[in-house]
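Okay, structure first, notes after.
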Amino acid sequence: MKHTQQKQAYALRATALAAALCAMGAAGAVELETSNPDLAIRFDNTVKYNYANRLSKQNPNILKSVNSDDGDRNFDQGTVSNRVDLLSEFDFVYKKKMGFRVSAAGWADGAYSHLDNGSVATSNHVGADGKPALGLSDYAKRYHKGPSGEVLDAFVFAGFDLGDMPVNVKLGQHTLYWGESLLSVIHGVNYGQSAVDLIKGFSVPNTDAKELFLPRQAVSAQFSPTTELSFAAQYFFNWKPARLPEAGSFLGFYDYAFQGGETFNLSALGLPSAVREKDREPDHKGDFGLAARWSPEWLDGTIGFYGRRTADLLPQANLRLAGLPSALFGKNSPLVAANAQKAAAAVIAAGGTPAAAQ
């Protein structure tokens, strides 16, 4: 826990330093002229550049923890971030009631082109031959190093009246957050509606909320029978996990966890590393939600009612013995009595997925 707190402290310092040293951005918005007054077309592009420099040397206490040291070893004094981000947005709106929206993000971080780690013995990365090696997982390479990108929003929308009741519908990849809280990763009625990209949140100061959301494929509708009462419904067609700083990244907390964790190093127990099994994901279809909001004039406020079925978007551990004898971890076993901390590490490693998306 102490090493994790130290890594988190370094993450905050690096983020603050990046903002202080170099966090530049440039935005370009173009509204395309048309001869049709009912048609609005907009194309926006935002470019950001962030540079961060590590002033202190590698922390010897973190280096002692073989399952939390890769990020610290990968980046000695010097550049820890040299990142460019691009956000492109295209909106097509007809009569302010219907149209479509597409947005995409791209990134590249030159700081990951050279890593300082020279300790194969403590590395949690696995090479092509299945043995411990220096480097990053494919997942960490994509979301930390790049160059890479992804489509964010990709949906059509329409607004119409059903009798005297206004109705708004969206279909495609979009984000909809219910309740009164924003970016509530842990708490809030919106938990699980859309994952959040904390890799970008930690790496790029001043990132807008729209860049952190990871939209999911869904259909949603909102309608208001009266001015005081409104209803909403949503059904999802896919599932996406949250993104957190990965193993080997400068801001990463654990070398064995999340999407890019590959092994759990057991050298302290004199055992070979436990190789992580394939992640288990929930059903991609079936999540849904219903909501109602009532705002009577006499209340001077809003009462909300929400019912949702959602699969967790944050990683969960699945601990299994994987062939090791159960007696090894019993309450009175010699291993537990001799060293409870090491025994706990062995139990975690036995599952092969100490922190995988389940």
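Residue names in the structure tokens use chain letters A, B, ... in the order shown, residue numbers from 1 in each chain, and ligand numbers from 1 in the order shown.
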
query: Just asking: which residues within segment 91-295 of chain A are strand (DSSP E or B) according to DSSP, as a ChimeraX atom specification?
result: /A:91-94,98-109,126,132,148-162,165-174,195-197,213-214,216-223,229-236,243,263-264,274-275,288-294

- request: Would you mind listing what lies within 12 Å of Phe258 of chain A as a PyMOL selection string, with only C-alpha atoms counted and same-chain residues fewer than 2 positions away left out?
  value: chain A and resi 137+139-140+199+241-248+252-256+260-263+276+278-279+313-317+353-358

field: Coordinates-based distance that separates atom CA of Val120 of chain A from atom CA of Ala108 of chain A (Å, one decimal)
entry: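 Atom CA of Ala108 of chain A sits 25.9 Å away from atom CA of Val120 of chain A.
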
Within 10 Å of Pro60 of chain A using only C-alpha atoms, minus same-chain residues under 3 positions, as a list of chain:residue names: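 In the requested form, the answer reads A:Lys57, A:Leu63, A:Lys64, A:Ser65, A:Asp69, A:Asp72, A:Arg73.
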
query: When DSSP works through the backbone of this structure, what residues of segment 103-346 of chain A end up as alpha helix (DSSP H), shown as a VMD selection string?
result: chain A and resid 138 to 140 198 to 203 209 to 212 334 to 338 340 to 346

Residue selection dump (C-alpha atoms) as a short mmCIF file (atom, residue, chain, number, x, y, z; two decimals), in the first residue's frame:
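Listed below is the output, part29.cif:
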```cif
data_model
loop_
_atom_site.label_atom_id
_atom_site.label_comp_id
_atom_site.auth_asym_id
_atom_site.auth_seq_id
_atom_site.Cartn_x
_atom_site.Cartn_y
_atom_site.Cartn_z
CA ASP A 138 0.29 -4.31 -26.67
CA TYR A 139 -2.52 -2.62 -24.74
CA ALA A 140 -0.14 -0.19 -23.02
CA LEU A 198 -8.45 7.81 -16.86
CA ILE A 199 -5.29 7.24 -18.92
CA LYS A 200 -6.09 10.42 -20.80
CA GLY A 201 -7.42 12.10 -17.67
CA PHE A 202 -4.12 11.60 -15.84
CA SER A 203 -1.85 12.19 -18.85
CA ALA A 209 -15.23 15.75 -20.09
CA LYS A 210 -16.36 14.90 -23.63
CA GLU A 211 -12.86 13.54 -24.34
CA LEU A 212 -12.85 11.28 -21.28
CA PRO A 334 2.91 -23.29 7.74
CA LEU A 335 3.06 -20.85 4.83
CA VAL A 336 0.49 -18.49 6.34
CA ALA A 337 2.00 -18.76 9.79
CA ALA A 338 5.50 -18.06 8.48
CA ALA A 340 1.05 -13.92 5.98
CA GLN A 341 1.94 -11.20 3.51
CA LYS A 342 3.75 -13.54 1.13
CA ALA A 343 0.96 -16.08 1.46
CA ALA A 344 -1.59 -13.48 0.43
CA ALA A 345 0.55 -12.65 -2.61
CA ALA A 346 0.63 -16.35 -3.52
#
```

message: When you count only C-alpha atoms, which of these residues is closest to Gly307 of chain A: A:Val189, A:Ala257, A:Leu134, A:Val204?
response: A:Val189

task: Give me, please, the distance in Å between atom CA of Phe213 of chain A and atom CA of Ala195 of chain A, quoted to one decimal.
output: 6.2 Å

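Neighbouring residues of Gly110 of chain A at 8 Å or closer, counting only C-alpha atoms and skipping chain neighbours under 5 positions away, are Ser81, Asn82, Arg83 and Lys145 of chain A.
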
Please report, as CSV, each residue of segment 272-317 of chain A lying at most 10 Å from segment 172-180 of chain A, together with the nearest pair of atoms and the separation in Å rounded to one decimal; use only C-alpha atoms, and order rows by chain and ascending residue number.
```
residue,atom,partner,partner_atom,distance
A:Gly289,CA,A:Trp178,CA,9.7
A:Leu290,CA,A:Trp178,CA,10.0
A:Ala291,CA,A:Trp178,CA,8.1
A:Arg293,CA,A:Gly179,CA,9.4
A:Gly304,CA,A:Gly179,CA,7.6
A:Phe305,CA,A:Gly179,CA,9.3
A:Tyr306,CA,A:Trp178,CA,8.6
```

- request: Go ahead and compute the interatomic distance for atom CA of Leu171 of chain A and atom CA of Ala232 of chain A, in Å to one decimal.
  value: 13.9 Å

- prompt: Of the residues A:Gln77, A:Phe90, A:Asp85, A:Glu150, which is the one nearest to Leu32 of chain A, using only C-alpha atoms?
  reply: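 Residue with the minimum atom-to-atom distance to Leu32 of chain A: A:Phe90.
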
- prompt: Skipping near chain neighbours, those fewer than 3 positions away, what residues fall within 7 Å of Phe250 of chain A using only C-alpha atoms, listed as number ranges by chain?
  reply: A: 71-72, 75, 80

query: Which residues, written as a PyMOL selection string, have at least one atom at most 7 Å from Asn265 of chain A, with only C-alpha atoms counted and residues fewer than 4 positions away on the same chain left out?
result: chain A and resi 66-67+124+273-274

Output the selection as a PDB file, in the first residue's frame - N, CA, C and O atoms for each residue.
```
ATOM      1  N   VAL A  66       8.629  -5.689  -6.704  1.00  0.00           N
ATOM      2  CA  VAL A  66       8.767  -6.216  -8.068  1.00  0.00           C
ATOM      3  C   VAL A  66       7.465  -6.154  -8.859  1.00  0.00           C
ATOM      4  O   VAL A  66       7.489  -6.283 -10.087  1.00  0.00           O
ATOM      5  N   ASN A  67       6.336  -5.975  -8.190  1.00  0.00           N
ATOM      6  CA  ASN A  67       5.061  -5.898  -8.894  1.00  0.00           C
ATOM      7  C   ASN A  67       4.516  -4.474  -8.971  1.00  0.00           C
ATOM      8  O   ASN A  67       3.347  -4.282  -9.320  1.00  0.00           O
ATOM      9  N   ASN A 124       7.328  -7.445 -15.415  1.00  0.00           N
ATOM     10  CA  ASN A 124       6.087  -8.203 -15.516  1.00  0.00           C
ATOM     11  C   ASN A 124       5.630  -8.356 -16.959  1.00  0.00           C
ATOM     12  O   ASN A 124       4.585  -8.959 -17.218  1.00  0.00           O
ATOM     13  N   SER A 273       6.961 -16.677 -12.256  1.00  0.00           N
ATOM     14  CA  SER A 273       5.855 -15.735 -12.374  1.00  0.00           C
ATOM     15  C   SER A 273       4.568 -16.443 -12.784  1.00  0.00           C
ATOM     16  O   SER A 273       4.586 -17.386 -13.583  1.00  0.00           O
ATOM     17  N   ALA A 274       3.462 -15.982 -12.213  1.00  0.00           N
ATOM     18  CA  ALA A 274       2.149 -16.513 -12.577  1.00  0.00           C
ATOM     19  C   ALA A 274       1.647 -15.761 -13.802  1.00  0.00           C
ATOM     20  O   ALA A 274       1.515 -14.534 -13.778  1.00  0.00           O
TER      21      ALA A 274
END
```

message: With distances taken over only C-alpha atoms, which residue among A:Ile62, A:Ile303, A:Ala104, A:Val275 lies nearest Thr46 of chain A?
response: A:Ala104
